[in-house]
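Visitor: Submitted below is the structure of interest, expressed as C-alpha cells.
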Amino acid sequence: MTKCWLTVMVGFVLLAGCGTPYRIKHPDALHFAPLTFELPEVERFRLANGVQVFLHEDRELPLVTMSAMFDAGSINDPPGKSGLAQLHGSAMRGAGAGGRSAEEVDATLERIAADLSVTSDSYATVLKLSLQSADLHKGVSLLGDMMRRPLFDPQRVELARRRMLESIRRETDSSSVVARKALASSLYRSHALGVMPTLESVAAIKREDLETYHHRFIRPDNLWLAVSGDIDRNTLENLLTRLFDDWNGVSRKPPQLESLPHAEPPSVLLAHKDIPQTTVLMGIRGIEKNDPDLYALKVLDFILGGGSFNSRLMQEIRSRRGLAYSVYSYLQVGRRLPGLFVAGAETKNATVTEVVTRMRQEMENMTREPVTEEELTLAKDSLINSFVFTFDDSHEIASQSMRLAFYGYPDDYLTRYRERLAAVTAEDVLTVARRHLHPDKQTVVLVGDPEQPAELAAQHGLPLNKVENIALDVGK
Amino acid sequence: MISSKGWRRLAAVFLFSLWASICHAQPLADKVREHVFPNGLQLLVVERHNAPTFAAYLTVGVGSVDETNGNRGLAHFLEHLRFKGTQMLGTRDYKAEKPLLAAIEETGDALDRLRRRPTADPKELAALEDRLRDLQQQHRALVVTDEASNIYARHGGVGYNAFTSKDLTSYIVSLPSNKLELWATVESDRMANAVIREFYTEREVVLEERRRSYDSNPNGLLYEHLLATAFTVHPYRHPIIGWPSDIRNLSPRDAREFMDRYYAPVNTVIALVGAIDFDEAVAMVGRYFGHLPAGTLVPEVATVEPAQRGERRVKVTFDAQPKLEVAFHKPTLPSRDDYVFDVIDQILGQGRTSRLYQSLVVEKQLATEVATYGAPGSRYDNLFVISLVPRYPHTVEEVEQALYQELERLAREPVSNADLERVRNRLRVDQLRSLQSNSGLASMLTYFQTVAGDWRYLSDYDRQVATITAEDVMAAASRYFTSENRTVAILEAKGQRP
C-alpha cells in the first residue's frame, strides 16, 4: 500500500493470564477505543475530450478494476421499443468490437482471465472490467474498442435478443419478479420507469436502433470512469490519452426527463399462481435524492422495515408471530425522478390478510405516534456507525465518488452524511411519515393463491384488480 | 438468517462455486496466521489494514449431513434458534422465564404428539393450542426480541447473518475494527449460554422459509428432487431445511441435545480478517472462548452411498417453464479426481468460451443458460451437476442430447494445452480476486479448514491443478460421465400433454 488513507486508533484492554474462567459482562458494559478514520482519497481529473476520471490507488494485489459509466439508461427507451438500452448493452458486450469477432473478444479476455460485463439500469449503462495489472493494455484496448467500434454483428445481435426473449418468457416463474413489475407499472404507468420490456417490444428493436442509440449516448463527454487497484495516475492518464485522444463527441443537451404521470388509484392487484405461499408487496411513490426529507426517511425506513431484525415489521410479523420468513421495507431513493417506497413479505396463503393488515397497521403507527427514543438512537447509531463500511472495498470507493458526481449529489454529501443523520429527531420522523407513507393510499400486490382476496380488498377499502400473466405462446 | 437474501438455499451452490475459484500459494500462505487453543478451538487471522473494519466467521462443522431420521432439519433450525439469545441476552429475567419455557415445551410436545394421531379429538387439539398461545403470550413479555442484532447494529455491525449447509454452519458479522471485544462477548456467550426460546414460533418461520425456497420455487424443488434421486441412502439426499413433516415434529429437547453436544470449541473454526492484530486476537479469543469445555467431536457419517447401477430420472411438474439438471456421482476432495473435476468445470461450463456455452447457447441456440457446479457438500463424495435452460420452442430432450454430445467429446478427444493453460490461469486470477474482500476470505478459510481439515488446501491448490493432464480429463470424463452414473431431473410445465 503506497498511501495510508486511514488513521486508525484501536486500543484493546488486554488482561494477562487468559485461560481462567471469565465471567462475561453484558456488551453494554464494555468500553471501546474511539474509531477515527478519514474519508479515503479519490483523485479526480478530466481528459481533454471531457471524460471524467476517478482513481483510487490500492497496491495490495496486482489487480485493476474499471467501471465506465455512460448517461444512457432504459429511461430513454422509445415507446414500443422497451428493452433497447438492455439489448444495446448485451450487443455491445457480445457482438464483436474493433477488428475482433465476438469469439475473438471472448477468447482474448479469457486468455488473460479478465472479467468484462455490461449492465444497464434506468439511468446508466456501465461497462466493468477486472484484470491483472500486467494485462492492462490488452484489456483496456478491448474496452475502448467496445465503446468506440462495436460491430453489432447481426447474428450475435439476434443471439442476444433471443436470450432476452427467453428470460422474459420465464419472468412468471418468479413471484417476486411478477410482483415488482406489477407494482412499478401501477405506480409509474406509461412512463418509461413503469414500462418493462415485452416479447413484442424486444422483437421490434432493429439493429439500426442499436447503432443510433450507440452514437447518441456512447460519447466521451457522456462518460465517467472509475478506476481502482494497482495503477497510478500517470500510467492511467497515459493509457487513457492513447485510448481516447482522437475520440471527440459532439456535446449535446441531455434528453429531457419526462415528468411522471399520476399513479393509478390505489388497489389490490392480484396475480394468481398455484403455489402455497403468496408474495405481498405494498408501495407508493417516494422521493428523489434532493428531497430535504431524505435523512428522516432513511431513519423511518430503518425503524419500519429496513433495519432487518431491529425493525418493527420483522419483529412483529416474523420474530413474535412466525408469519413470514422475509418481511421488510425499502426506501428506493430516486436518482433523478422519485423512486418507490416499498414494503414486502411472503406468507402462506391462509395468513395473507393478517400480514397485509399488520403491515398497514405498522405503517399507520408510524404516522400516529413518534418513534421511541430507543428506536431513534438504534437507527441513527446503526446508520452512522456502519458508514465506515461504505469504504471497505477499493473499487466501491472510486465508483461511489463517480456515481455521486454523475448524479450531481452535493459535494458535501459524504462529509456531512453522518451529521445530517444525527440531526434527525423523532418529530422529524413523524412529520415525514405523515408526508410520505399514506398507508391507506398504498398499492397492494399479491402473487400467489391468497385466501379471500376480495374480502381483503374490501376490508382495506381498495378495489381488487386481476393482473394477467403475459401470454407465453406469443414467442413465435 | 436474514431472509431477503435467500442465503441458505444458495449456500451449497455458493460454497461449491468458491471451490472452483481458489487460491495461489504465495499471496495467501504468507498472510494467514493460526492458533489452536487447548480446547480444540481453531483461530485463523489475516491482517489487512486497508479499512478500519474486520469480518468474522465462526464456523461449526455441523450441518444437515450430521442429522438422522428423528432430527432432520435440526442443524438449520438450530441456526435460527441460536439467534434467540442466551441467559444474558434476549431476556428481561431468565429465572422467571425458565418455568414458562418448561410449560411451553410440555404443551408443545403434547400438541405435536396429538397432531400425529389421525384420530385426535379436535376439541382436545384446540384446547392445547389455546394453552400454548396463552403461555407464549405470557412469555413474550419477558423476551427482548433480537437483542444481539440490536447490539451489533448500534455498534455499526453489518451483514449479521448465518447459514447452514450440508457440511457446516457459519455465523457471520462485520464490525468496525475497535469492536473485537464486542464480537468475542456476543459469540462466546452464544457458544456457552444459548437458550432455546420462542421455539414453536420460529418453527413456523422455518416452514415459511421452506415454502419460499422449495414449495413455491421451481428451481428449489427441482434441486431437491435431483438430490433425493441421486442419493438413495447417504444423508446428502435430504434437503438442508428438512422435509415439511421433519420440521413440524422437531422438539426443543432434540434441539438442546444436539446443540449441547456439538456447538462447542472442538468443532469450531474462527476466521478474523481485517484491521486487527494477530496477537491481540489470540489473547481476546483465548480470554472469551479458552475456558469453554471442548464438547464432543462430530462423528463421521458411516453411511456410504452404493455405486449407482443405472440411470435415474425424475420429473417435477410445476407452473413454470422447463429446465434440466443432470448429475454424476464423483469423489470429493482431496482426491485427485476432484481437482480434475474443477478443470472439467471450467472447460465445460464457466464463461463464454466454455464448451457448453459455445455449443448449446451460441451455435445450436438450444439453451439460453448453462451452469456447472459441484454439489451438495464436500465432506463426503458428491456430484458434478450441469444445469440447462432450454430456449423456446426447443425441448428438454433436445438440450439433453446436445449435452451428452459434449460430454462424449470430452471423453474422446484430449483437451489442448492452451485450454489447460487458460484454465490454470483463470483459477489463479480468480483466487486473487477472492482475496479482495475480508468476508470472502474469512468464508473460504473456515470452509476449507472445516471440510478439508486444513486451509492450506487453498494455498496448495494451484500446484495440484498444474499436475492435471489432458489424459486425466479424458479418463475422468469416460469413467464418470456414463449413463449408469447419471441422474436426470426435469422441470416440466404444468398442463403439458405427453
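All residue names refer to the C-alpha cells as shown: chains lettered A, B, ... in order, residues numbered from 1 in each chain, ligands numbered from 1 in order.
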If we count only C-alpha atoms and set the cut-off at 9 Å, which residues sit around Leu270 in chain A, ignoring sequence neighbours fewer than 5 positions away in its own chain? Please answer as JSON, numbers by chain.

Guide: {"A": [444, 445, 446, 447, 448, 449, 450, 453, 464, 465, 466, 467, 468]}

Visitor: So that I have them on file, write out the residues from the current selection with C-alpha atoms, as an mmCIF file, in the first residue's frame.

Guide:
```
data_model
loop_
_atom_site.group_PDB
_atom_site.id
_atom_site.type_symbol
_atom_site.label_atom_id
_atom_site.label_comp_id
_atom_site.auth_asym_id
_atom_site.auth_seq_id
_atom_site.Cartn_x
_atom_site.Cartn_y
_atom_site.Cartn_z
ATOM 1 C CA VAL A 444 -51.017 -3.770 -2.672
ATOM 2 C CA VAL A 445 -49.747 -6.546 -4.960
ATOM 3 C CA LEU A 446 -50.437 -10.222 -4.213
ATOM 4 C CA VAL A 447 -48.836 -13.020 -6.219
ATOM 5 C CA GLY A 448 -49.966 -16.497 -5.247
ATOM 6 C CA ASP A 449 -53.247 -18.043 -4.194
ATOM 7 C CA PRO A 450 -54.308 -15.939 -1.196
ATOM 8 C CA PRO A 453 -58.670 -11.701 -1.666
ATOM 9 C CA LEU A 464 -59.466 -5.697 -6.446
ATOM 10 C CA ASN A 465 -57.889 -5.952 -9.902
ATOM 11 C CA LYS A 466 -56.504 -9.034 -11.583
ATOM 12 C CA VAL A 467 -53.072 -8.953 -13.223
ATOM 13 C CA GLU A 468 -52.966 -11.041 -16.365
#
```

Visitor: List every residue of range 27-258 of chain B that DSSP, applied to the backbone of this structure, places in helix (DSSP H, G or I), and write the result as a ChimeraX atom specification.

Guide: /B:27-29,64-66,69-71,74-81,94-116,122-140,147-154,177-193,199-215,218-230,235-237,244-248,252-258

Visitor: Residues of chain B within 6 Å of chain A, using only C-alpha atoms, as JSON, numbers by chain?

Guide: {"B": [3, 4, 51, 150, 153, 154, 156, 178, 201, 202, 204, 205, 208, 209, 216, 286, 287, 290, 291, 320, 368, 422, 426]}

Visitor: Taking a cut-off of 6 Å and counting only C-alpha atoms, can you build a table that, for each residue of range 60-178 of chain A near range 220-239 of chain A, reports the nearest atom pair and how far apart they are in Å (one decimal), sorted by chain then residue number, as CSV?

Guide:
```
residue,atom,partner,partner_atom,distance
A:Pro62,CA,A:Asp230,CA,5.6
A:Leu63,CA,A:Asp230,CA,5.6
A:Val64,CA,A:Gly229,CA,4.5
A:Thr65,CA,A:Ser228,CA,5.4
A:Met66,CA,A:Val227,CA,4.5
A:Ser67,CA,A:Ala226,CA,5.1
A:Ala68,CA,A:Leu225,CA,4.6
A:Met69,CA,A:Trp224,CA,5.1
A:Phe70,CA,A:Leu223,CA,4.8
A:Asp71,CA,A:Asn222,CA,5.9
```

Visitor: Filtering to N, CA and C atoms, could you give me those residues as a short mmCIF file (atom, residue, chain, number, x, y, z; two decimals), in the first residue's frame?

Guide:
```cif
data_model
loop_
_atom_site.label_atom_id
_atom_site.label_comp_id
_atom_site.auth_asym_id
_atom_site.auth_seq_id
_atom_site.Cartn_x
_atom_site.Cartn_y
_atom_site.Cartn_z
N PRO A 62 -2.08 -7.41 -7.34
CA PRO A 62 -1.77 -6.97 -8.71
C PRO A 62 -3.01 -6.98 -9.61
N LEU A 63 -4.05 -6.30 -9.19
CA LEU A 63 -5.32 -6.29 -9.94
C LEU A 63 -5.78 -4.86 -10.17
N VAL A 64 -6.49 -4.65 -11.28
CA VAL A 64 -7.09 -3.35 -11.56
C VAL A 64 -8.57 -3.57 -11.91
N THR A 65 -9.44 -2.69 -11.42
CA THR A 65 -10.85 -2.75 -11.80
C THR A 65 -11.26 -1.39 -12.36
N MET A 66 -12.03 -1.42 -13.44
CA MET A 66 -12.50 -0.18 -14.08
C MET A 66 -14.00 -0.25 -14.29
N SER A 67 -14.69 0.86 -14.00
CA SER A 67 -16.10 0.96 -14.37
C SER A 67 -16.28 2.17 -15.26
N ALA A 68 -16.80 1.94 -16.46
CA ALA A 68 -17.07 3.05 -17.39
C ALA A 68 -18.58 3.26 -17.42
N MET A 69 -19.01 4.45 -16.98
CA MET A 69 -20.44 4.70 -16.82
C MET A 69 -20.91 5.76 -17.82
N PHE A 70 -21.90 5.40 -18.62
CA PHE A 70 -22.46 6.34 -19.59
C PHE A 70 -23.86 6.77 -19.16
N ASP A 71 -24.16 8.01 -19.43
CA ASP A 71 -25.51 8.52 -19.16
C ASP A 71 -26.42 7.97 -20.26
#
```

Visitor: Quick one: residues within 8 Å of range 129-143 of chain B, only C-alpha atoms, excluding same-chain residues fewer than 4 positions away - as a list in words?

Guide: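 Counting only C-alpha atoms, the residues come to Arg320 of chain A; Gly90, Thr91, Arg92, Asp93, Ala96, Glu97, Leu100, Leu101, Ala103, Ile104, Thr107, Gly108, Leu111, Leu125 and Glu198 of chain B.
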
Visitor: Given only C-alpha atoms as the basis, pick out the residue of A:Gly89, A:Pro78, A:Pro370, A:Pro254 nearest to Val195 in chain A.

Guide: A:Pro78

Visitor: Neighbouring residues of Pro463 in chain A were defined as those with any atom within 9 Å, considering only C-alpha atoms; residues of the same chain fewer than 5 positions away were excluded. Please report them as number ranges by chain.

Guide: A: 266-269, 454, 457-458

Visitor: Could you list, as a PyMOL selection string, every residue within 9 Å of Met147 in chain A, counting only C-alpha atoms and ignoring same-chain residues fewer than 5 positions away?

Guide: chain A and resi 92+97+127+142+214+218-219

Visitor: Now that the selection is made, can you save its residues with N, CA and C atoms as a short mmCIF file (atom, residue, chain, number, x, y, z; two decimals), in the first residue's frame?

Guide:
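Result written to part.cif:
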```cif
data_model
loop_
_atom_site.label_atom_id
_atom_site.label_comp_id
_atom_site.auth_asym_id
_atom_site.auth_seq_id
_atom_site.Cartn_x
_atom_site.Cartn_y
_atom_site.Cartn_z
N MET A 92 -23.34 -4.71 -27.25
CA MET A 92 -22.03 -4.06 -27.17
C MET A 92 -21.01 -5.06 -26.60
N ALA A 97 -16.11 -6.32 -31.58
CA ALA A 97 -15.64 -4.94 -31.37
C ALA A 97 -14.31 -4.74 -32.07
N LEU A 127 -19.91 -0.41 -18.13
CA LEU A 127 -19.01 -1.49 -18.55
C LEU A 127 -18.01 -1.68 -17.41
N LEU A 142 -9.30 -3.39 -25.58
CA LEU A 142 -10.55 -4.06 -25.95
C LEU A 142 -11.77 -3.28 -25.45
N HIS A 214 -26.29 3.93 -29.88
CA HIS A 214 -24.87 3.97 -29.53
C HIS A 214 -24.27 5.34 -29.84
N ILE A 218 -23.10 6.92 -26.42
CA ILE A 218 -21.77 6.43 -26.04
C ILE A 218 -20.74 7.40 -26.62
N ARG A 219 -20.52 8.48 -25.88
CA ARG A 219 -19.64 9.57 -26.32
C ARG A 219 -18.74 9.94 -25.15
#
```

Visitor: Identify, with DSSP run on backbone atoms, the residues in range 77-309 of chain A assigned to strand (DSSP E), and express the list as a PyMOL selection string.

Guide: chain A and resi 115-120+125-132+223-229+268-272+277-285

Visitor: Selection from above, C-alpha atoms, as an mmCIF file, in the first residue's frame, can you write it?

Guide:
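After the write, again-v9.cif holds the following:
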```cif
data_model
loop_
_atom_site.group_PDB
_atom_site.id
_atom_site.type_symbol
_atom_site.label_atom_id
_atom_site.label_comp_id
_atom_site.auth_asym_id
_atom_site.auth_seq_id
_atom_site.Cartn_x
_atom_site.Cartn_y
_atom_site.Cartn_z
ATOM 1 C CA ASP A 115 -13.963 -10.333 -16.462
ATOM 2 C CA LEU A 116 -15.915 -7.832 -18.546
ATOM 3 C CA SER A 117 -19.620 -7.157 -18.108
ATOM 4 C CA VAL A 118 -22.069 -4.573 -19.428
ATOM 5 C CA THR A 119 -25.165 -3.736 -17.409
ATOM 6 C CA SER A 120 -27.796 -1.065 -17.777
ATOM 7 C CA THR A 125 -25.001 1.831 -18.814
ATOM 8 C CA VAL A 126 -21.878 0.513 -17.063
ATOM 9 C CA LEU A 127 -19.005 -1.492 -18.546
ATOM 10 C CA LYS A 128 -16.984 -3.161 -15.783
ATOM 11 C CA LEU A 129 -13.562 -4.689 -16.376
ATOM 12 C CA SER A 130 -11.463 -6.631 -13.858
ATOM 13 C CA LEU A 131 -7.970 -7.842 -14.787
ATOM 14 C CA GLN A 132 -4.384 -8.285 -13.657
ATOM 15 C CA LEU A 223 -18.502 9.071 -19.946
ATOM 16 C CA TRP A 224 -17.491 8.804 -16.282
ATOM 17 C CA LEU A 225 -14.695 6.398 -15.420
ATOM 18 C CA ALA A 226 -13.858 4.868 -12.003
ATOM 19 C CA VAL A 227 -10.546 3.043 -11.650
ATOM 20 C CA SER A 228 -9.104 1.252 -8.633
ATOM 21 C CA GLY A 229 -6.225 -1.029 -7.762
ATOM 22 C CA VAL A 268 -55.185 -4.602 -4.624
ATOM 23 C CA LEU A 269 -53.552 -6.225 -7.658
ATOM 24 C CA LEU A 270 -53.810 -9.998 -7.702
ATOM 25 C CA ALA A 271 -51.699 -12.231 -9.955
ATOM 26 C CA HIS A 272 -52.811 -15.785 -9.452
ATOM 27 C CA GLN A 277 -47.200 -19.019 -0.440
ATOM 28 C CA THR A 278 -48.189 -15.512 -1.502
ATOM 29 C CA THR A 279 -45.736 -12.717 -2.216
ATOM 30 C CA VAL A 280 -47.038 -9.441 -0.806
ATOM 31 C CA LEU A 281 -45.734 -6.057 -1.986
ATOM 32 C CA MET A 282 -47.050 -2.676 -0.897
ATOM 33 C CA GLY A 283 -45.808 0.554 -2.349
ATOM 34 C CA ILE A 284 -46.196 4.220 -3.046
ATOM 35 C CA ARG A 285 -44.177 6.888 -4.876
#
```

Visitor: Quick one: everything within 12 Å of Pro38 in chain B, counting only C-alpha atoms, minus sequence neighbours fewer than 2 positions away in the same chain. Send it as a PyMOL selection string.

Guide: (chain A and resi 18-19) or (chain B and resi 35-36+40-43+265-266+286+289-294)

Visitor: The selected residues should be written to file as a compact mmCIF listing (two decimals), in the first residue's frame (atoms: C-alpha atoms).

Guide:
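So selection33.txt came out as:
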```txt
# COMPACT_ATOMS: atom_id res chain seq x y z
CA CYS A 18 -6.11 -15.90 29.79
CA GLY A 19 -7.46 -19.35 30.38
CA HIS B 35 -3.63 -20.59 16.67
CA VAL B 36 -5.16 -23.70 18.19
CA GLY B 40 -9.64 -27.57 20.23
CA LEU B 41 -10.90 -24.19 19.02
CA GLN B 42 -9.05 -23.12 15.87
CA LEU B 43 -8.40 -19.46 15.06
CA PRO B 265 -14.89 -25.43 20.57
CA VAL B 266 -13.71 -28.83 19.33
CA GLY B 286 -8.45 -17.06 24.45
CA PHE B 289 -13.53 -18.91 24.50
CA GLY B 290 -10.43 -20.52 26.02
CA HIS B 291 -12.11 -21.80 29.19
CA LEU B 292 -15.15 -23.34 27.47
CA PRO B 293 -15.45 -27.15 27.58
CA ALA B 294 -14.28 -28.81 24.37
```

Visitor: What's the separation between CA of Lys253 in chain A and CA of Phe217 in chain A, in Å to one decimal place?

Guide: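 Value for the CA of Lys253 in chain A-CA of Phe217 in chain A distance: 10.9 Å.
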